[in-house]
Amino acid sequence: MAKDTNYIELQQFVPPNGGELESPKQNPSNGKLTAFQRRIVLESLGLAPDAPLERIPHPNQYMIDRIEELDVEIALGILRNALADHSGDVNFSEYDLVSRLMNGASRYLKSPSKDLNLDLKAALREIEEDKTTSGNEYPEYDEMEIKNEEEWAIKVKIQAAFIRYHSIYPEIRSITDPCDDDDTHVETLRVYVIGLVWTLIGSVVNNFFVHRMPSIALGPHTIQILLLPTGKLWERYVPEVTIKLFGFSFDLNSGPWTYKEMMLATIMYSCSAGTPYAIYNIVVMKLDKFYGLKWVTWTFQFLLASSTQFLGFGFALLMKKVCIYPARALWPTILPTIALNRALMRYSESSERDSQFRLSQFSVFYLVFVGSFLYYWIPGYFFTALSNFNWPTWFSPNLIHLINVTGSNEGLGLNPIPSFDWNIIDSDGCLTIPFYTYLNKYIGRIIGFIVILVIYYTDNNWTSYLPINSNHLFDNKGKVYQILKILGNDNLFDETKYQQYGPPYFSAANLVLYGAYFCLYPFAILYHMATEWESMKLAFINIFHTFRDSIRPMNSSNRDARFGRFSEDPHCQMMSKYEEVPDLWFLAVLIVSTVFAVLCVSLYPTETPVWGVFFTIGINLVFLIPITAICSVTGFLFGLNVLVELIVGYAIPNSGLALITLKSYGYNIDNQASNYITDQKLAHYTKLPPKAIFKGQLLSTLLSVFISLLIANWQIDNIPDLCESNQADKLSCPGANTFFYASIQYGEIGPAKVFGGLYPVLKWCFLLGAILVIPCALFKKYGPTNLAKYFQPTIIIGGLLGYAPYNLSYATGGLYFLYFFMYYVKRHYLLWWERYNYILTLALSAGVAFSALLGFFIFLITGFSLDWWGNTISDRGIEGRKGQLAWHNVTDAPDGYIGLRYGSFP
């Protein structure tokens with residue numbers, strides 16, 4: 001249907017003279033709220049019905065005023081526009097409610113103004129058509145517990161006010177305010193000091209444990225807990241003195257530690273405390289287990305790490321109108337960070353006494369945090385079988401078929417109760433990402449499970465002679481592939497040695513993993529174009545406008561118009577008060593980091609041509625829109641590392657170093673761009689000045705680069721058996737091993753050999769991905785609305801990536817929590833969910849993180865270990881890598897080895 005038939009121009013409405021409701025009261029839809037209406041409004045805001053006016057927080061009072069002054073007919077126009085703008089918006093959870101309220105206009109609005117009446121008739125016809133064609137059933141008004149026109153009118157006004165003055169999404173309303181105090185301190189001396197100090201500490205911890213499986217990390221939510229007392233201590237003990245330095249003045253103590261200061265410090269930490277992707281390069285290049293190169297100097301490491309981290313900054317500039325300003329760009333994974341910030345900073349507000357709920361968010365957080373902290377000692381150290389609860393394997397720990405299906409360490413993890421450890425249960429963010437995202441991804445994991453079993457038990461490509469779910473590569477004797485056996489003295493590929501040793505082979509899970517990647521890349525682009533062409537076209541237009549504006553002088557006119565068509569969004573209106581970051585700043589970072597990248601490949605023997613750097617920049621630009629657009633709505637993010645492996649392997653054959661060098665750029669540019677974009681969205685939601693965010697991100701990222709390099713080099717020089725599967729502290733390096741073996745398969749040997757003779761079927765996965773677009777797009781458009789709306793085939797394919805070395809046991813436990821909290825509770829107890837859901841997941845995760853860190857260092861220092869049945873049962877037999885790890889024994893294969901015959905290697 002054409003836009004002008006289902007979209008109402010609100011400018012035509014003025015408070016009507018007619019349009020009174022059929023009620024003995026004096027027009028209950030407009031003017032002051034009645035006692036009955038006020039009760040409904042307070043309940044909708046999560047407040048007690050009898051909350052005193054003087055204790056109602058300012059943001060809630062602001063919304064009450066907006067609801068009170070809103071005319072019911074204009075409110076109906078707002079609702080109709082929302083239905084038009086967000087048709088098919090899978091995150092618009094109140095779509096049915098708004099539709100029902102619109103449907104109620106025919107019953108309760110007896111004399112609407114003339115123009116509105118015409119639009120309402122068209123709207124009601126569309127609703128009736130939607131019910132007929134899609135099977136949607138909107139309950140009658142009595143089922144909504146609407147008893148009269150007074151109640152209907154106030155609920156119409158409430159929903160319209162939420163949409164017009166706050167957000168259309170309950171998730172956003174639960175963690176943001178509809179108004180902003182721009183006088184709040186943000187960019188102070190102490191916020192930079194505190195933010196950078198915690199970035200330093202977090203970088204040390206996170207980089208040290210990045211090679212552990214499962215990893216342990218100090219996430220942003222964990223650091224937020226520590227930021228609060230740090231800020232309060234500074235506020236209390238540092239003198240209120242102003243110092244002058246180089247013509248600048250700084251306040252040592254700016255008064256109370258503010259909500260915005262804490263959010264800025266959190267963003268500084270979140271954008272930088274993770275491990276730079278280039279660390280995998282450095283470990284693989286320097287560690288003797290891998291390449292063992294001696295020329296990998298500190299200068300090279302800095303050029304590589306800093307350039308890969310900062311190239312994404314320039315891309316973040318281009319995506320502001322695509323993934324920051326639009327309301328649809330929720331970025332669900334960042335919402336818990338804001339929720340915790342609010343809970344911690346508002347714990348002392350007296351308004352908590354007037355909430356519908358007895359416990360404050362602060363109280364719930366610390367109660368759950370303490371419980372999680374204490375509980376984790378059980379599955380983490382005293383009864384570890386509860387963590388890796390592979391109980392089906394206990395009955396016969398040496399039965400290979402049982403292990404293949406149910407094993408958590410060596411198998412595919414089919415287990416209805418796989419873990420009692422939140423660190424494993426929440427591996428996929430079960431209380432963070434939307435219900436439909438997790439469910440689609442889990443369906444993909446089930447499909448992957450079936451496909452892997454089929455491949456394995458049909459002995460496809462000799463997989464039955466290898467472990468079923470490994471990310472290692474194997475030789476034709478079934479042993480882990482030794483790269484040094486195919487390299488010459490100059491660490492370059494030696495064809496003669498290769499022909500003597502043979503090519504490497506994939507496990508069944510690794511075959512499916514790579515096939516899914518090859519299928520995903522063409523599918524993601526083509527499917528997004530087929531189903532979201534208008535939004536994708538608009539995204540390219542917005543990028544062009546952003547680039548055009550970046551090369552024009554900034555003046556008041558184009559500064560005020562920077563939000564474009566999003567200028568009516570409440571959050572964009574609030575952010576318009578703050579000066580935007582000059583585009584030249586982004587471009588300067590982009591240019592400098594590009595120069596660093598060119599120097600990195602030019603001055604050192606990386607075997608990488610300069611054009612390779614610009615190639616990876618270009619391919620990231622092509623995929624930037626679909627990757628960030630999908631992630632901003634669903635929370636699902638995928639990288640370009642495998643695609644770059646393939647292309648570079650063809651373009652620069654027999655060079656593992658060139659492959660991993662360009663792989664670090666190919667993956668990290670878009671990944672870091674998404675990282676920076678999410679932080680800018682955090683700032684957008686919390687009303688932080690864009691310039692402060694830019695400077696904080698820049699400084700903290702630079703600091704983290706230095707820390708990560710220090711930790712990586714110390715580990716390489718001092719930790720025994722680093723990256724070995726039996727490493728004492730579980731520093732088995734799943735990421736580095738995958739990184740290294742990919743360099744062998746697609747770098748040293750090359751995809752031409754892989755596709756030409758070893759695994760020719762994989763090349764057809766690209767075609768399969770393109771073909772699958774047709775039925776998936778048709779189903780999305782013509783399938784049953786209730787299914788098609790939540791059908792996300794890109795995420796389903798992404799679910800197949802959840803193997804080698806992970807498996808179903810890392811997702812099944814989270815599915816139960818997901819259904820209960822993200823579906824049942826959200827559907828039936830929305831206000832409770834808005835108040836506590838994100839707090840709950842953060843408290844559980846923070847408790848585990850602190851407990852794991854403390855326990856690790858205690859047991860490391862004391863050398864204490866608890867050797868009893870509860871800590872050893874999970875590692876018996878094959879699950880402990882003892883005995884025969886594969887179905888068939890290689891010694892029983894023809895000629896005593898598997899794969900292609902000697903003399904016929906590709």
# chains A, B, ... in the order shown; residues from 1 in each chain; ligands from 1
>>> select_by_dssp(residues="stretch 41-288 of chain A", states="helix (DSSP H, G or I)", output="number ranges by chain")
A: 41-44, 53-55, 58-69, 72-85, 95-103, 105-108, 114-134, 141-144, 149-165, 170-173, 189-209, 220-237, 259-270, 278-286
>>> residues_around(residues="stretch 902-904 of chain A", least_positions_apart="5", cutoff="8 Å", atoms="only C-alpha atoms", output="PyMOL selection string")
chain A and resi 499-500+502
>>> closest_residue(among="A:Tyr810, A:Phe208, A:Phe36, A:Tyr782", to="A:Asp428", atoms="only C-alpha atoms")
A:Tyr810
>>> select_by_dssp(residues="stretch 169-373 of chain A", states="strand (DSSP E)", output="mmCIF file with C-alpha atoms, in the first residue's frame")
data_model
loop_
_atom_site.group_PDB
_atom_site.id
_atom_site.type_symbol
_atom_site.label_atom_id
_atom_site.label_comp_id
_atom_site.auth_asym_id
_atom_site.auth_seq_id
_atom_site.Cartn_x
_atom_site.Cartn_y
_atom_site.Cartn_z
ATOM 1 C CA THR A 242 41.573 23.958 40.440
ATOM 2 C CA ILE A 243 44.968 23.512 38.824
ATOM 3 C CA LYS A 244 46.311 25.309 35.767
ATOM 4 C CA LEU A 245 48.598 23.663 33.248
ATOM 5 C CA PHE A 248 44.238 24.972 30.725
ATOM 6 C CA SER A 249 42.490 24.745 34.082
ATOM 7 C CA PHE A 250 41.297 21.483 35.653
ATOM 8 C CA ASP A 251 39.078 20.854 38.659
#
